[in-house]
file structure_11.cif (mmCIF, C-alpha atoms and all ligand atoms)
data_data
#
loop_
_atom_site.label_atom_id
_atom_site.label_comp_id
_atom_site.auth_asym_id
_atom_site.auth_seq_id
_atom_site.Cartn_x
_atom_site.Cartn_y
_atom_site.Cartn_z
CA MET A 21 -8.48 -1.19 -7.03
CA CYS A 22 -8.36 -1.78 -10.78
CA ARG A 23 -5.99 -1.85 -13.69
CA PRO A 24 -5.52 1.52 -15.41
CA GLY A 25 -7.16 1.45 -18.79
CA ASN A 26 -9.55 -1.31 -17.75
CA VAL A 27 -12.37 0.04 -15.62
CA LEU A 28 -10.83 3.31 -14.52
CA LYS A 29 -9.08 5.62 -16.96
CA ILE A 30 -6.23 7.04 -14.91
CA LYS A 31 -3.41 8.87 -16.64
CA ASN A 32 0.04 9.40 -15.20
CA LYS A 33 0.06 13.18 -15.48
CA ARG A 34 3.59 13.63 -14.20
CA ARG A 35 6.68 13.56 -16.39
CA PRO A 36 8.98 10.53 -16.27
CA ARG A 37 12.12 11.13 -14.17
CA ARG A 38 15.66 10.09 -14.91
CA ALA A 39 17.97 7.97 -12.74
CA ASP A 40 21.56 7.09 -13.73
CA GLY A 41 20.88 8.29 -17.27
CA VAL A 42 17.76 6.11 -17.64
CA ASP A 43 14.32 7.58 -18.40
CA LEU A 44 12.17 6.03 -15.72
CA ARG A 45 8.71 4.68 -16.36
CA ILE A 46 6.88 5.65 -13.21
CA PRO A 47 4.27 3.30 -11.73
CA ILE A 48 0.97 5.00 -11.00
CA HIS A 49 0.52 2.80 -7.94
CA LEU A 50 3.37 1.41 -5.85
CA ALA A 51 2.73 -1.05 -3.01
CA VAL A 52 5.24 -1.97 -0.33
CA ILE A 53 5.41 -4.79 2.22
CA MET A 54 7.35 -3.02 4.99
CA ASP A 55 9.20 -6.09 6.20
CA GLY A 56 12.32 -6.52 8.34
CA ASN A 57 11.70 -4.12 11.24
CA GLY A 58 12.18 -6.85 13.86
CA ARG A 59 15.48 -8.03 12.36
CA TRP A 60 16.69 -4.43 12.02
CA ALA A 61 16.11 -3.93 15.76
CA GLY A 62 17.58 -7.34 16.69
CA LYS A 63 20.84 -6.52 14.89
CA ARG A 64 21.18 -3.44 17.09
CA GLY A 65 20.24 -5.19 20.34
CA LEU A 66 17.00 -3.18 20.47
CA PRO A 67 13.43 -4.38 21.14
CA ARG A 68 11.35 -5.23 18.03
CA THR A 69 9.16 -2.21 18.72
CA ALA A 70 12.18 0.07 18.10
CA GLY A 71 12.34 -1.47 14.64
CA HIS A 72 8.70 -0.61 13.99
CA ARG A 73 9.35 2.96 15.10
CA ALA A 74 12.30 3.22 12.70
CA GLY A 75 10.07 1.69 10.00
CA ALA A 76 7.41 4.35 10.59
CA GLU A 77 10.03 7.11 10.30
CA ASN A 78 11.26 5.59 7.07
CA LEU A 79 7.75 5.69 5.64
CA GLU A 80 7.87 9.49 5.84
CA ASN A 81 11.05 9.54 3.70
CA ILE A 82 9.66 7.11 1.16
CA CYS A 83 6.47 9.18 0.82
CA LYS A 84 8.64 12.19 -0.07
CA ALA A 85 10.61 10.16 -2.61
CA CYS A 86 7.36 8.89 -4.17
CA ILE A 87 6.09 12.44 -4.58
CA GLU A 88 9.42 13.45 -6.15
CA GLN A 89 9.04 10.61 -8.66
CA GLY A 90 5.43 11.37 -9.50
CA ILE A 91 3.94 8.20 -8.01
CA GLN A 92 0.24 8.84 -7.33
CA TYR A 93 -0.69 6.00 -4.97
CA LEU A 94 1.48 4.34 -2.32
CA THR A 95 -0.05 1.41 -0.43
CA VAL A 96 1.88 0.06 2.55
CA TYR A 97 1.21 -3.15 4.47
CA ALA A 98 1.27 -2.05 8.10
CA PHE A 99 -0.68 -4.77 9.95
CA SER A 100 -2.15 -8.00 8.61
CA THR A 101 -5.16 -9.95 9.83
CA GLU A 102 -2.60 -12.56 10.98
CA ASN A 103 -0.43 -10.09 12.94
CA TRP A 104 -2.79 -10.28 15.97
CA SER A 105 -0.96 -13.52 16.83
CA ARG A 106 2.16 -11.52 17.80
CA PRO A 107 2.92 -10.86 21.50
CA ALA A 108 0.36 -8.45 23.02
CA GLU A 109 3.05 -5.89 23.82
CA GLU A 110 4.13 -5.70 20.17
CA VAL A 111 0.52 -5.44 18.95
CA ASP A 112 -0.26 -2.67 21.48
CA THR A 113 2.85 -0.74 20.52
CA LEU A 114 1.94 -0.98 16.84
CA MET A 115 -1.58 0.35 17.52
CA ASP A 116 -0.07 3.27 19.50
CA LEU A 117 2.42 3.87 16.73
CA PHE A 118 -0.34 4.12 14.12
CA ILE A 119 -2.09 6.78 16.23
CA GLU A 120 1.17 8.65 16.82
CA PHE A 121 2.07 8.49 13.12
CA ILE A 122 -1.28 9.95 12.05
CA HIS A 123 -0.96 12.81 14.57
CA ARG A 124 2.73 13.52 14.11
CA PHE A 125 2.80 13.26 10.33
CA ASP A 126 -0.40 15.26 9.85
CA THR A 127 1.15 18.73 9.39
CA LYS A 128 3.85 17.35 7.10
CA MET A 129 1.25 15.43 5.09
CA ALA A 130 -0.85 18.58 4.70
CA ARG A 131 2.22 20.49 3.50
CA GLU A 132 3.19 17.76 1.03
CA GLY A 133 -0.39 17.30 -0.24
CA ILE A 134 -0.70 13.70 0.98
CA ARG A 135 -4.17 12.19 1.24
CA LEU A 136 -4.38 9.45 3.86
CA ARG A 137 -6.61 6.41 3.29
CA PHE A 138 -6.92 3.05 4.99
CA ALA A 139 -7.71 -0.41 3.63
CA GLY A 140 -8.67 -3.33 5.83
CA ASP A 141 -11.20 -4.66 8.29
CA LEU A 142 -11.24 -1.37 10.20
CA ALA A 143 -14.14 -2.44 12.46
CA GLY A 144 -11.74 -4.86 14.15
CA LEU A 145 -9.38 -2.08 15.31
CA PRO A 146 -9.44 -0.38 18.74
CA SER A 147 -12.25 2.21 18.70
CA ARG A 148 -9.91 5.16 19.40
CA LEU A 149 -7.84 4.25 16.34
CA GLN A 150 -11.02 3.86 14.28
CA SER A 151 -12.14 7.41 15.04
CA ILE A 152 -8.68 8.87 14.39
CA ILE A 153 -8.62 7.05 11.05
CA ALA A 154 -12.07 8.39 10.10
CA ARG A 155 -10.98 11.94 10.97
CA ALA A 156 -7.67 11.69 9.08
CA GLU A 157 -9.44 10.37 5.97
CA GLU A 158 -11.96 13.18 6.11
CA THR A 159 -9.50 16.05 6.70
CA SER A 160 -7.10 14.90 3.98
CA ARG A 161 -9.77 14.10 1.38
CA HIS A 162 -8.99 17.14 -0.81
CA ARG A 163 -5.18 16.57 -1.02
CA ASP A 164 -4.01 15.30 -4.38
CA ARG A 165 -0.24 14.92 -4.70
CA LEU A 166 -0.02 11.40 -3.27
CA GLN A 167 -2.61 9.01 -1.86
CA LEU A 168 -0.96 7.13 1.00
CA ILE A 169 -3.01 3.99 1.66
CA ILE A 170 -2.25 2.19 4.90
CA ALA A 171 -3.32 -1.46 4.85
CA ILE A 172 -4.18 -2.19 8.46
CA ASN A 173 -5.93 -5.27 9.85
CA TYR A 174 -5.75 -6.15 6.17
CA GLY A 175 -5.90 -9.61 4.64
CA GLY A 176 -6.53 -10.30 0.97
CA ARG A 177 -8.61 -13.37 1.84
CA ARG A 178 -10.68 -11.39 4.37
CA GLU A 179 -11.24 -8.66 1.76
CA LEU A 180 -12.52 -11.26 -0.71
CA ALA A 181 -14.66 -13.00 1.92
CA GLN A 182 -16.24 -9.65 2.85
CA ALA A 183 -16.77 -8.84 -0.83
CA CYS A 184 -18.58 -12.19 -1.31
CA ARG A 185 -20.79 -11.44 1.67
CA LYS A 186 -21.72 -7.98 0.30
CA LEU A 187 -22.64 -9.47 -3.08
CA ALA A 188 -24.65 -12.25 -1.42
CA GLU A 189 -26.59 -9.59 0.50
CA GLN A 190 -27.26 -7.69 -2.75
CA VAL A 191 -28.57 -10.89 -4.36
CA GLN A 192 -30.73 -11.65 -1.32
CA SER A 193 -32.28 -8.18 -1.33
CA GLY A 194 -32.98 -8.42 -5.07
CA GLN A 195 -30.58 -5.59 -6.03
CA ILE A 196 -28.62 -7.84 -8.40
CA GLU A 197 -29.01 -11.20 -10.15
CA PRO A 198 -26.38 -13.92 -9.54
CA ASP A 199 -25.73 -13.91 -13.31
CA SER A 200 -24.61 -10.28 -13.17
CA ILE A 201 -21.65 -11.07 -10.89
CA ASP A 202 -18.50 -10.47 -12.92
CA GLU A 203 -14.98 -9.14 -12.26
CA ASN A 204 -16.13 -5.52 -12.29
CA LEU A 205 -18.87 -6.17 -9.76
CA ILE A 206 -16.42 -7.97 -7.47
CA ARG A 207 -14.02 -5.01 -7.70
CA SER A 208 -16.82 -2.64 -6.78
CA VAL A 209 -17.16 -4.25 -3.34
CA LEU A 210 -13.44 -4.40 -2.48
CA TYR A 211 -12.12 -1.97 0.16
CA LEU A 212 -10.99 0.85 -2.19
CA SER A 213 -12.64 0.23 -5.54
CA ASP A 214 -11.56 3.56 -7.08
CA VAL A 215 -7.83 2.90 -6.65
CA PRO A 216 -5.97 1.39 -9.64
CA ASP A 217 -4.22 -1.96 -9.15
CA PRO A 218 -0.60 -1.74 -8.00
CA ASP A 219 1.82 -1.64 -10.93
CA LEU A 220 4.77 -2.56 -8.77
CA ILE A 221 5.01 -4.37 -5.42
CA ILE A 222 8.24 -4.08 -3.44
CA ARG A 223 9.16 -6.43 -0.60
CA PRO A 224 12.39 -5.68 1.23
CA SER A 225 14.12 -7.90 3.82
CA GLY A 226 14.87 -10.94 1.66
CA GLU A 227 11.46 -12.64 1.86
CA GLN A 228 9.83 -13.40 -1.48
CA ARG A 229 6.13 -13.93 -0.85
CA LEU A 230 2.88 -11.98 -0.89
CA SER A 231 1.70 -12.84 2.65
CA ASN A 232 -2.00 -12.28 1.91
CA PHE A 233 -1.39 -8.73 0.57
CA LEU A 234 -3.60 -7.44 -2.30
CA ILE A 235 -4.20 -10.91 -3.69
CA TRP A 236 -6.95 -9.81 -6.11
CA GLN A 237 -5.27 -6.55 -7.11
CA SER A 238 -1.79 -8.02 -7.74
CA ALA A 239 -2.94 -10.25 -10.65
CA TYR A 240 -0.71 -8.31 -13.10
CA SER A 241 1.63 -6.46 -10.73
CA GLU A 242 5.37 -6.53 -11.21
CA PHE A 243 7.41 -7.66 -8.17
CA TRP A 244 10.75 -6.40 -6.89
CA PHE A 245 12.56 -7.96 -3.94
CA SER A 246 15.49 -6.61 -1.98
CA ASP A 247 17.60 -7.91 0.93
CA VAL A 248 17.64 -4.47 2.56
CA LEU A 249 15.57 -4.28 5.78
CA TRP A 250 12.66 -1.81 5.61
CA PRO A 251 14.05 0.83 8.04
CA ASP A 252 17.18 1.01 5.80
CA PHE A 253 15.25 1.07 2.52
CA ASP A 254 15.88 4.54 1.15
CA ARG A 255 15.50 6.68 -1.96
CA LYS A 256 18.33 4.96 -3.81
CA HIS A 257 16.74 1.54 -3.28
CA LEU A 258 13.45 2.94 -4.52
CA LEU A 259 15.19 4.29 -7.63
CA ALA A 260 16.78 0.86 -8.23
CA ALA A 261 13.30 -0.70 -8.07
CA LEU A 262 11.93 1.91 -10.47
CA LYS A 263 14.79 1.25 -12.88
CA ALA A 264 14.08 -2.48 -12.83
CA TYR A 265 10.35 -1.77 -13.33
CA THR A 266 11.17 0.47 -16.31
CA LEU A 267 12.82 -2.48 -18.06
CA ARG A 268 9.91 -4.89 -17.53
CA ASP A 269 7.76 -5.82 -20.49
CA ARG A 270 4.15 -5.75 -19.27
CA ARG A 271 1.89 -7.63 -21.63
CA PHE A 272 -1.17 -8.27 -19.43
CA GLY A 273 -1.65 -11.63 -21.11
CA GLY A 274 -1.42 -10.13 -24.60
CA VAL A 275 1.50 -9.93 -27.00
CA LYS A 276 4.21 -7.32 -27.30
CA GLN A 277 3.18 -4.29 -29.40
CA ILE A 278 5.77 -3.62 -32.10
C1 LIG B 301 6.91 -6.55 9.33
O1 LIG B 301 8.21 -6.62 9.84
C2 LIG B 301 6.33 -5.30 9.77
C3 LIG B 301 5.13 -5.17 10.39
C4 LIG B 301 4.25 -6.30 10.71
C5 LIG B 301 4.67 -3.86 10.84
C6 LIG B 301 4.88 -2.73 9.89
C7 LIG B 301 4.75 -1.48 10.63
C8 LIG B 301 5.53 -0.39 10.50
C9 LIG B 301 6.55 -0.17 9.46
C10 LIG B 301 5.43 0.71 11.48
C11 LIG B 301 4.33 1.59 11.50
C12 LIG B 301 3.57 1.87 10.27
C13 LIG B 301 2.87 2.98 10.11
C14 LIG B 301 1.96 3.12 8.97
C15 LIG B 301 2.97 4.09 11.04
P1 LIG B 301 8.54 -7.71 10.96
O2 LIG B 301 8.23 -7.14 12.29
O3 LIG B 301 7.81 -8.97 10.66
O4 LIG B 301 10.09 -7.87 10.80
P2 LIG B 301 10.92 -9.22 10.92
O5 LIG B 301 10.45 -10.09 9.79
O6 LIG B 301 12.32 -8.76 10.75
O7 LIG B 301 10.63 -9.79 12.27
#

call {"tool": "encode", "arguments": {"input": "structure_11.cif", "output": "structure tokens", "more": "lines below"}}
Ligand code: FPP
result
Amino acid sequence: MCRPGNVLKIKNKRRPRRADGVDLRIPIHLAVIMDGNGRWAGKRGLPRTAGHRAGAENLENICKACIEQGIQYLTVYAFSTENWSRPAEEVDTLMDLFIEFIHRFDTKMAREGIRLRFAGDLAGLPSRLQSIIARAEETSRHRDRLQLIIAINYGGRRELAQACRKLAEQVQSGQIEPDSIDENLIRSVLYLSDVPDPDLIIRPSGEQRLSNFLIWQSAYSEFWFSDVLWPDFDRKHLLAALKAYTLRDRRFGGVKQI
């Protein structure tokens, strides 16, 4: 993933939308930490897995809202490299839910023009899920309204460790010299090197941390936090985040252009 205008030239082709009389500046890439499913379920006396199911349903609505707003990439944190430490029943249900989501949402995604991609250490996932992921990526490759990127068995530190290993192998085989390793070369061995860095990262549920999500790519991302739990996070919360993003002054380490 890289910053628009840096390595990749990606233009936001869609027109800015308005919300509450404000012309919105639309992020090209939005990333979301879908947090709060367990608490959402607990408040209703339901098992945590019911919260994840409600969270998965909400993802469908947020995809629609992103398309409406002209967002081109949506990356969601669905399962971290640390989430394996959860009770086996919860982990198993999540794996089943990912499979169900890919199957159930497939027709809708085709209709809406959503391309499905995955970022993470996919080799560590159950083999059935791995083949379903490979098929979904292949069949949706040509769709171009929204790229939905599901971060699964994803950890920013693991991504960087794997990137280091790939570069070390390239040095060992004589493909590159150690001196040629720079930021662009590191980017080229991250999971999805063609995807621009996230402009805006949203974390609902009241927590205010990154939790090992996109640690390289978020170097210049804007952050927006909300107390709303993910299954309740709807279009109006998204618009509030976009309004706040519109008012941010992004300088990327430079000075304001007058
Ligand atoms: C964090 O909330 C959420 C997760 C670890 C899982 C996210 C998964 C989904 C939204 C469902 C399925 C996703 C797809 C792509 C189909 P938490 O469980 O830690 O909530 P808590 O902090 O309230 O306990």

call {"tool": "residues_near_point", "arguments": {"input": "structure_11.cif", "point": "(14.3, -13.4, 2.0)", "cutoff": "9 Å", "atoms": "only C-alpha atoms", "output": "VMD selection string"}}
result
chain A and resid 224 to 229 245 to 247

call {"tool": "residues_near_ligand", "arguments": {"input": "structure_11.cif", "ligand": "ligand LIG 301 (chain B)", "cutoff": "8 Å", "atoms": "all atoms listed in the file", "output": "MDAnalysis selection string"}}
result
chainID A and resid 53:61 68 71:79 96:100 103 114 117:122 170 225 249:251

call {"tool": "write_last_selection", "arguments": {"input": "structure_11.cif", "atoms": "C-alpha atoms", "output": "PDB file, in the coordinates of the input"}}
result
ATOM      1  CA  ILE A  53       5.410  -4.790   2.220  1.00  0.00           C
ATOM      2  CA  MET A  54       7.350  -3.020   4.990  1.00  0.00           C
ATOM      3  CA  ASP A  55       9.200  -6.090   6.200  1.00  0.00           C
ATOM      4  CA  GLY A  56      12.320  -6.520   8.340  1.00  0.00           C
ATOM      5  CA  ASN A  57      11.700  -4.120  11.240  1.00  0.00           C
ATOM      6  CA  GLY A  58      12.180  -6.850  13.860  1.00  0.00           C
ATOM      7  CA  ARG A  59      15.480  -8.030  12.360  1.00  0.00           C
ATOM      8  CA  TRP A  60      16.690  -4.430  12.020  1.00  0.00           C
ATOM      9  CA  ALA A  61      16.110  -3.930  15.760  1.00  0.00           C
ATOM     10  CA  ARG A  68      11.350  -5.230  18.030  1.00  0.00           C
ATOM     11  CA  GLY A  71      12.340  -1.470  14.640  1.00  0.00           C
ATOM     12  CA  HIS A  72       8.700  -0.610  13.990  1.00  0.00           C
ATOM     13  CA  ARG A  73       9.350   2.960  15.100  1.00  0.00           C
ATOM     14  CA  ALA A  74      12.300   3.220  12.700  1.00  0.00           C
ATOM     15  CA  GLY A  75      10.070   1.690  10.000  1.00  0.00           C
ATOM     16  CA  ALA A  76       7.410   4.350  10.590  1.00  0.00           C
ATOM     17  CA  GLU A  77      10.030   7.110  10.300  1.00  0.00           C
ATOM     18  CA  ASN A  78      11.260   5.590   7.070  1.00  0.00           C
ATOM     19  CA  LEU A  79       7.750   5.690   5.640  1.00  0.00           C
ATOM     20  CA  VAL A  96       1.880   0.060   2.550  1.00  0.00           C
ATOM     21  CA  TYR A  97       1.210  -3.150   4.470  1.00  0.00           C
ATOM     22  CA  ALA A  98       1.270  -2.050   8.100  1.00  0.00           C
ATOM     23  CA  PHE A  99      -0.680  -4.770   9.950  1.00  0.00           C
ATOM     24  CA  SER A 100      -2.150  -8.000   8.610  1.00  0.00           C
ATOM     25  CA  ASN A 103      -0.430 -10.090  12.940  1.00  0.00           C
ATOM     26  CA  LEU A 114       1.940  -0.980  16.840  1.00  0.00           C
ATOM     27  CA  LEU A 117       2.420   3.870  16.730  1.00  0.00           C
ATOM     28  CA  PHE A 118      -0.340   4.120  14.120  1.00  0.00           C
ATOM     29  CA  ILE A 119      -2.090   6.780  16.230  1.00  0.00           C
ATOM     30  CA  GLU A 120       1.170   8.650  16.820  1.00  0.00           C
ATOM     31  CA  PHE A 121       2.070   8.490  13.120  1.00  0.00           C
ATOM     32  CA  ILE A 122      -1.280   9.950  12.050  1.00  0.00           C
ATOM     33  CA  ILE A 170      -2.250   2.190   4.900  1.00  0.00           C
ATOM     34  CA  SER A 225      14.120  -7.900   3.820  1.00  0.00           C
ATOM     35  CA  LEU A 249      15.570  -4.280   5.780  1.00  0.00           C
ATOM     36  CA  TRP A 250      12.660  -1.810   5.610  1.00  0.00           C
ATOM     37  CA  PRO A 251      14.050   0.830   8.040  1.00  0.00           C
TER      38      PRO A 251
END

call {"tool": "closest_residue", "arguments": {"input": "structure_11.cif", "among": "A:Leu149, A:Met129, A:Ile82, A:Ala188", "to": "Phe253 in chain A", "atoms": "only C-alpha atoms"}}
result
A:Ile82

call {"tool": "atom_distance", "arguments": {"input": "structure_11.cif", "atom1": "CA of Arg268 in chain A", "atom2": "CA of Asp164 in chain A"}}
result
27.8 Å

call {"tool": "residues_around", "arguments": {"input": "structure_11.cif", "residues": "range 232-240 of chain A", "least_positions_apart": "6", "cutoff": "9 Å", "atoms": "all atoms listed in the file", "output": "PDB file with C-alpha atoms, keeping the file's coordinate frame"}}
result
ATOM      1  CA  MET A  21      -8.480  -1.190  -7.030  1.00  0.00           C
ATOM      2  CA  CYS A  22      -8.360  -1.780 -10.780  1.00  0.00           C
ATOM      3  CA  ARG A  23      -5.990  -1.850 -13.690  1.00  0.00           C
ATOM      4  CA  ILE A  53       5.410  -4.790   2.220  1.00  0.00           C
ATOM      5  CA  TYR A  97       1.210  -3.150   4.470  1.00  0.00           C
ATOM      6  CA  SER A 100      -2.150  -8.000   8.610  1.00  0.00           C
ATOM      7  CA  THR A 101      -5.160  -9.950   9.830  1.00  0.00           C
ATOM      8  CA  ALA A 171      -3.320  -1.460   4.850  1.00  0.00           C
ATOM      9  CA  TYR A 174      -5.750  -6.150   6.170  1.00  0.00           C
ATOM     10  CA  GLY A 175      -5.900  -9.610   4.640  1.00  0.00           C
ATOM     11  CA  GLY A 176      -6.530 -10.300   0.970  1.00  0.00           C
ATOM     12  CA  ARG A 177      -8.610 -13.370   1.840  1.00  0.00           C
ATOM     13  CA  GLU A 179     -11.240  -8.660   1.760  1.00  0.00           C
ATOM     14  CA  LEU A 180     -12.520 -11.260  -0.710  1.00  0.00           C
ATOM     15  CA  ARG A 207     -14.020  -5.010  -7.700  1.00  0.00           C
ATOM     16  CA  PRO A 216      -5.970   1.390  -9.640  1.00  0.00           C
ATOM     17  CA  ASP A 217      -4.220  -1.960  -9.150  1.00  0.00           C
ATOM     18  CA  PRO A 218      -0.600  -1.740  -8.000  1.00  0.00           C
ATOM     19  CA  ASP A 219       1.820  -1.640 -10.930  1.00  0.00           C
ATOM     20  CA  LEU A 220       4.770  -2.560  -8.770  1.00  0.00           C
ATOM     21  CA  ILE A 221       5.010  -4.370  -5.420  1.00  0.00           C
ATOM     22  CA  ARG A 270       4.150  -5.750 -19.270  1.00  0.00           C
ATOM     23  CA  ARG A 271       1.890  -7.630 -21.630  1.00  0.00           C
ATOM     24  CA  PHE A 272      -1.170  -8.270 -19.430  1.00  0.00           C
ATOM     25  CA  GLY A 273      -1.650 -11.630 -21.110  1.00  0.00           C
TER      26      GLY A 273
END

call {"tool": "atom_distance", "arguments": {"input": "structure_11.cif", "atom1": "CA of Ala139 in chain A", "atom2": "CA of Ser241 in chain A"}}
result
18.2 Å

call {"tool": "closest_residue", "arguments": {"input": "structure_11.cif", "among": "A:Val191, A:Ile48, A:Ala143, A:Ile201", "to": "Arg165 in chain A", "atoms": "all atoms listed in the file"}}
result
A:Ile48

call {"tool": "atom_distance", "arguments": {"input": "structure_11.cif", "atom1": "CA of Ile206 in chain A", "atom2": "CA of Lys186 in chain A"}}
result
9.4 Å

call {"tool": "closest_residue", "arguments": {"input": "structure_11.cif", "among": "A:Val209, A:Gly140, A:Asp252, A:Gly90", "to": "Arg185 in chain A", "atoms": "all atoms listed in the file"}}
result
A:Val209

call {"tool": "closest_residue", "arguments": {"input": "structure_11.cif", "among": "A:Arg163, A:Glu80, A:Ile172, A:Ala156", "to": "Leu142 in chain A", "atoms": "only C-alpha atoms"}}
result
A:Ile172

call {"tool": "closest_residue", "arguments": {"input": "structure_11.cif", "among": "A:Ser200, A:Ala183, A:Thr113, A:His162", "to": "Ser213 in chain A", "atoms": "all atoms listed in the file"}}
result
A:Ala183

call {"tool": "residues_around", "arguments": {"input": "structure_11.cif", "residues": "Glu132 in chain A", "least_positions_apart": "3", "cutoff": "12 Å", "atoms": "only C-alpha atoms", "output": "MDAnalysis selection string"}}
result
chainID A and resid 80:81 83:88 125:129 135:136 160 163:168

call {"tool": "closest_residue", "arguments": {"input": "structure_11.cif", "among": "A:Thr69, A:Arg131, A:Leu230, A:Ile222", "to": "Ala108 in chain A", "atoms": "only C-alpha atoms"}}
result
A:Thr69

call {"tool": "residues_near_point", "arguments": {"input": "structure_11.cif", "point": "(9.5, 4.8, -12.4)", "cutoff": "12 Å", "atoms": "all atoms listed in the file", "output": "mmCIF file with C-alpha atoms, keeping the file's coordinate frame"}}
result
data_model
loop_
_atom_site.group_PDB
_atom_site.id
_atom_site.type_symbol
_atom_site.label_atom_id
_atom_site.label_comp_id
_atom_site.auth_asym_id
_atom_site.auth_seq_id
_atom_site.Cartn_x
_atom_site.Cartn_y
_atom_site.Cartn_z
ATOM 1 C CA ASN A 32 0.040 9.400 -15.200
ATOM 2 C CA ARG A 34 3.590 13.630 -14.200
ATOM 3 C CA ARG A 35 6.680 13.560 -16.390
ATOM 4 C CA PRO A 36 8.980 10.530 -16.270
ATOM 5 C CA ARG A 37 12.120 11.130 -14.170
ATOM 6 C CA ARG A 38 15.660 10.090 -14.910
ATOM 7 C CA ALA A 39 17.970 7.970 -12.740
ATOM 8 C CA VAL A 42 17.760 6.110 -17.640
ATOM 9 C CA ASP A 43 14.320 7.580 -18.400
ATOM 10 C CA LEU A 44 12.170 6.030 -15.720
ATOM 11 C CA ARG A 45 8.710 4.680 -16.360
ATOM 12 C CA ILE A 46 6.880 5.650 -13.210
ATOM 13 C CA PRO A 47 4.270 3.300 -11.730
ATOM 14 C CA ILE A 48 0.970 5.000 -11.000
ATOM 15 C CA HIS A 49 0.520 2.800 -7.940
ATOM 16 C CA LEU A 50 3.370 1.410 -5.850
ATOM 17 C CA ALA A 85 10.610 10.160 -2.610
ATOM 18 C CA CYS A 86 7.360 8.890 -4.170
ATOM 19 C CA ILE A 87 6.090 12.440 -4.580
ATOM 20 C CA GLU A 88 9.420 13.450 -6.150
ATOM 21 C CA GLN A 89 9.040 10.610 -8.660
ATOM 22 C CA GLY A 90 5.430 11.370 -9.500
ATOM 23 C CA ILE A 91 3.940 8.200 -8.010
ATOM 24 C CA GLN A 92 0.240 8.840 -7.330
ATOM 25 C CA ASP A 219 1.820 -1.640 -10.930
ATOM 26 C CA LEU A 220 4.770 -2.560 -8.770
ATOM 27 C CA LEU A 258 13.450 2.940 -4.520
ATOM 28 C CA LEU A 259 15.190 4.290 -7.630
ATOM 29 C CA ALA A 260 16.780 0.860 -8.230
ATOM 30 C CA ALA A 261 13.300 -0.700 -8.070
ATOM 31 C CA LEU A 262 11.930 1.910 -10.470
ATOM 32 C CA LYS A 263 14.790 1.250 -12.880
ATOM 33 C CA ALA A 264 14.080 -2.480 -12.830
ATOM 34 C CA TYR A 265 10.350 -1.770 -13.330
ATOM 35 C CA THR A 266 11.170 0.470 -16.310
ATOM 36 C CA LEU A 267 12.820 -2.480 -18.060
ATOM 37 C CA ARG A 268 9.910 -4.890 -17.530
#

call {"tool": "build_atoms", "arguments": {"input": "structure_11.cif", "residues": "range 69-81 of chain A", "atoms": "N, CA and C atoms", "output": "mmCIF file, in the frame of the given file"}}
result
data_model
loop_
_atom_site.group_PDB
_atom_site.id
_atom_site.type_symbol
_atom_site.label_atom_id
_atom_site.label_comp_id
_atom_site.auth_asym_id
_atom_site.auth_seq_id
_atom_site.Cartn_x
_atom_site.Cartn_y
_atom_site.Cartn_z
ATOM 1 N N THR A 69 9.980 -3.410 18.877
ATOM 2 C CA THR A 69 9.160 -2.210 18.720
ATOM 3 C C THR A 69 10.003 -1.010 18.232
ATOM 4 N N ALA A 70 11.298 -1.007 18.591
ATOM 5 C CA ALA A 70 12.180 0.070 18.100
ATOM 6 C C ALA A 70 12.319 -0.040 16.578
ATOM 7 N N GLY A 71 12.286 -1.260 16.087
ATOM 8 C CA GLY A 71 12.340 -1.470 14.640
ATOM 9 C C GLY A 71 11.092 -0.926 13.948
ATOM 10 N N HIS A 72 9.932 -1.132 14.581
ATOM 11 C CA HIS A 72 8.700 -0.610 13.990
ATOM 12 C C HIS A 72 8.714 0.919 13.972
ATOM 13 N N ARG A 73 9.265 1.496 15.037
ATOM 14 C CA ARG A 73 9.350 2.960 15.100
ATOM 15 C C ARG A 73 10.238 3.484 13.961
ATOM 16 N N ALA A 74 11.382 2.815 13.784
ATOM 17 C CA ALA A 74 12.300 3.220 12.700
ATOM 18 C C ALA A 74 11.609 3.011 11.343
ATOM 19 N N GLY A 75 10.800 1.955 11.249
ATOM 20 C CA GLY A 75 10.070 1.690 10.000
ATOM 21 C C GLY A 75 9.060 2.792 9.719
ATOM 22 N N ALA A 76 8.390 3.274 10.766
ATOM 23 C CA ALA A 76 7.410 4.350 10.590
ATOM 24 C C ALA A 76 8.107 5.629 10.135
ATOM 25 N N GLU A 77 9.287 5.908 10.722
ATOM 26 C CA GLU A 77 10.030 7.110 10.300
ATOM 27 C C GLU A 77 10.435 6.992 8.837
ATOM 28 N N ASN A 78 10.834 5.782 8.452
ATOM 29 C CA ASN A 78 11.260 5.590 7.070
ATOM 30 C C ASN A 78 10.113 5.816 6.083
ATOM 31 N N LEU A 79 8.910 5.501 6.521
ATOM 32 C CA LEU A 79 7.750 5.690 5.640
ATOM 33 C C LEU A 79 7.626 7.167 5.233
ATOM 34 N N GLU A 80 7.939 8.065 6.166
ATOM 35 C CA GLU A 80 7.870 9.490 5.840
ATOM 36 C C GLU A 80 8.825 9.812 4.687
ATOM 37 N N ASN A 81 10.062 9.261 4.762
ATOM 38 C CA ASN A 81 11.050 9.540 3.700
ATOM 39 C C ASN A 81 10.611 8.961 2.365
#
